[in-house]
Each structure stands twice: as C-alpha cells, then as structure tokens.
Amino acid sequence: MTVDLYEWSHAPLVSVLIPAFNHEGFVQRCLDSVLEDPYPAKEIVIIDDGSTDHTAERIAHWVAAHGSEIPVEFVRRENRGIAATLNELAARSHGEYLRIGASDDYLLPGGLEAQVRYLMSHRNKGAVIGDSIVIDGEGNRLHDSGMIDLHGADKRLYDSSDGIRRAVIGHWAIGGPVTLLRKSVLETVARWTEGLRIDDWDMFLRLAARDAIGFIDVTVCAYRLHGANFSKTRHTATRIVNLVESREVAMSRLCLFDEPYRTLLRAQAQYIGAKIAFLQKRHSRVALHLATYVSLIALSRLRLRRTAHSHAEGV
C-alpha cells in the first residue's frame, strides 16, 4: 500500500475497545496512549465492568479532560465478565476495525496504522496480530518481545497460514492487546463466548479455522505484568481451572478443522490433560496423556506430509 493514510480525507475508523476492571493505577496511561497514537480516525469505547476501586472515577475524569479531542463512549455498570464486556463494546462501536485494548496495558505509536495497512491490503484476513513489549507495574521494560521472551514462540511460524494455524493450536503466544479485527468478521465467526475465562484462545481458534489471521512483526502495545495478572497464573487451583476450560475449548472446536489440524488440536488437548494431571499429582495420568500426545503429533505430521504430497501431485 503506497497511499499515506494522512493524505486521505477519510481514513477508516478504528474503534479501540477497552474493558476496564480494577485498574485505577493504569487506566489513564492506557487512555493517553490512544490519544497519543497518530492514527487520524479513531474512537474509544470503554466499559467499567463493575470495578470496586477508583477505576471508573479515573476514566470519568479523563473523559472530562479529553473528550473534546477524541470521540469517547464510556459506560459504567455491574460486573458481567470479560467476554460479555467485549461483546457489548463491539456492539457499541462504530468503526470498520476494532482494536482490542486492555485497561492495564497501553498502545504504542504507529501500531494502529501498521495493522490497518495490513488488513486493507489483505482482504481475505479478518484479524491481524502484532507483538508487544513487556513491562512491570511501574512501567519498566522487562522484555522486548512478549511472543519470544514471555511465551517462547517461534515467530517464523507466523510467516504462513499453515504456521499460524499450528501456532494458535499448539503454542498460544498472544499476550496483551495486540489484535486488530475487521468488525465484519464477528458476523462470520460469532462473538466472544460468554462465561469462558479462555475467551481469547477460543476466538482465535475459530479465526484460525477460517484462515482469517495475519501477522506483522511490529510491537503494537506494551503488555503489563503486575500483581493481579501475574499471581493468577501461578496459583495452582486457578491454573487447573483454566487448563480444564482450555481442554474443553479444544475439544469443542475440533469440528471446525480439517486434517491434519484436527489431529493436532486433539494432541493439544492431551498435552493440556498432562498439565492438569501433573498439577493434581496424578503421575500415571501424566504419562498416559503424554504418550497419547506424542502419538497424535506423529499422526498429524504424517497427515500433513500426505496432504502436501497430494497437493504437489495436483490431487
């Protein structure tokens, strides 16, 4: 794409969707970052999802100070959970594109433009993800790449549609508000599944099944690790609950995938089962799950080779 967005009389509108909950110390930086980003056509849609601290008051103060500089819709209501809040935010938005935010993280300048450019030049994609830097609660940089340093991802996988599918299924490495969605995609893959904790992986599995995800190797946000989100990932009971739900999500989405990706997703469900059994100290179950995982991975690779061979022969 060679046209400069800033020479357009009407750049496509991006709605930045921000679910806010108990982030009184971070939400102002989040909102400031949207205002600071140079992309010319944007709005903020933010919902305080029943915060018990002063998050709502901080948002209201910011809107009073900056509401004349950027269109903002702010709703304060009782807690309904992240998926229900994202669905409501999307319903309230006016943009052609939806940037998924988080009230404890913040956008990095230039990310919106880079992602809009990608989706405008890849009409077959419904979403594009980028990378993040990782910061602590005080804003100090911990890592240059959330994908590599925090999640151990191999970015080379994201160079192809096949690699993205395999990455989404087998090595979930998307952390922070790194996604720009085409709003119309919500009409084809449905919205966020309410009641889930693992709502983001569920959404990305549905997108991956349709080959609807693209990737740009650009750091588009700062992902903040702090007391609330950092400790939850290390609490054993919470980890087990999340893993059980992840396995249920994997099994429920098998029907969306063709081979070899269906077998790969079955393998991932077994690997998650091994993690659950390990945390429960059921060591014989760990061995059983891992043996099944290994056999399914081998089967998926065999099916992948067969598929590639068939395509090479033009079958």
# chains A, B, ... in the order shown; residues from 1 in each chain; ligands from 1
call {"tool": "select_by_dssp", "arguments": {"residues": "segment 12-254 of chain A", "states": "helix (DSSP H, G or I)", "output": "VMD selection string"}}
result
chain A and resid 27 to 36 55 to 66 82 to 92 111 to 121 146 to 150 155 to 159 161 to 170 183 to 189 199 to 209 227 to 232 236 to 252 254
call {"tool": "select_by_dssp", "arguments": {"residues": "segment 20-217 of chain A", "states": "strand (DSSP E)", "output": "NGL selection string"}}
result
:A and (20 or 42-49 or 72-77 or 97-100 or 106-107 or 127-135 or 141-143 or 179-182 or 213-217)
call {"tool": "closest_atom_pairs", "arguments": {"of": "segment 92-202 of chain A", "to": "segment 288-298 of chain A", "cutoff": "12 Å", "atoms": "only C-alpha atoms", "output": "Markdown table"}}
result
| residue | atom | partner | partner_atom | distance |
| --- | --- | --- | --- | --- |
| A:Arg166 | CA | A:Ile297 | CA | 11.3 |
| A:Ile169 | CA | A:Ile297 | CA | 12.0 |
| A:Gly170 | CA | A:Ile297 | CA | 10.2 |
call {"tool": "write_last_selection", "arguments": {"atoms": "C-alpha atoms", "output": "PDB file, in the first residue's frame"}}
result
ATOM      1  CA  ARG A 166      -0.228 -24.626  14.069  1.00  0.00           C
ATOM      2  CA  ILE A 169      -3.375 -24.609  18.168  1.00  0.00           C
ATOM      3  CA  GLY A 170      -0.132 -25.769  19.733  1.00  0.00           C
TER       4      GLY A 170
END
call {"tool": "atom_distance", "arguments": {"atom1": "atom CA of Arg247 of chain A", "atom2": "atom CA of Ile164 of chain A"}}
result
19.7 Å
call {"tool": "atom_distance", "arguments": {"atom1": "atom CA of Leu108 of chain A", "atom2": "atom CA of Asp199 of chain A"}}
result
24.1 Å
call {"tool": "closest_residue", "arguments": {"among": "A:Ala102, A:Leu299, A:Leu265, A:Val244", "to": "Ala167 of chain A", "atoms": "only C-alpha atoms"}}
result
A:Leu265
call {"tool": "residues_around", "arguments": {"residues": "segment 138-148 of chain A", "least_positions_apart": "4", "cutoff": "12 Å", "atoms": "only C-alpha atoms", "output": "PyMOL selection string"}}
result
chain A and resi 25-26+29-30+104-106+129-134+152-158+167+171-178+215+217-227
call {"tool": "residues_around", "arguments": {"residues": "segment 9-22 of chain A", "least_positions_apart": "5", "cutoff": "9 Å", "atoms": "only C-alpha atoms", "output": "NGL selection string"}}
result
:A and (27 or 30-31 or 34 or 39-56 or 79 or 82 or 85-86 or 89-90 or 93-104 or 112 or 116 or 180)
call {"tool": "atom_distance", "arguments": {"atom1": "atom CA of Ala274 of chain A", "atom2": "atom CA of Ala287 of chain A"}}
result
7.4 Å
call {"tool": "closest_residue", "arguments": {"among": "A:Gln270, A:Thr179, A:Ser121, A:Ser160", "to": "Val286 of chain A", "atoms": "only C-alpha atoms"}}
result
A:Gln270
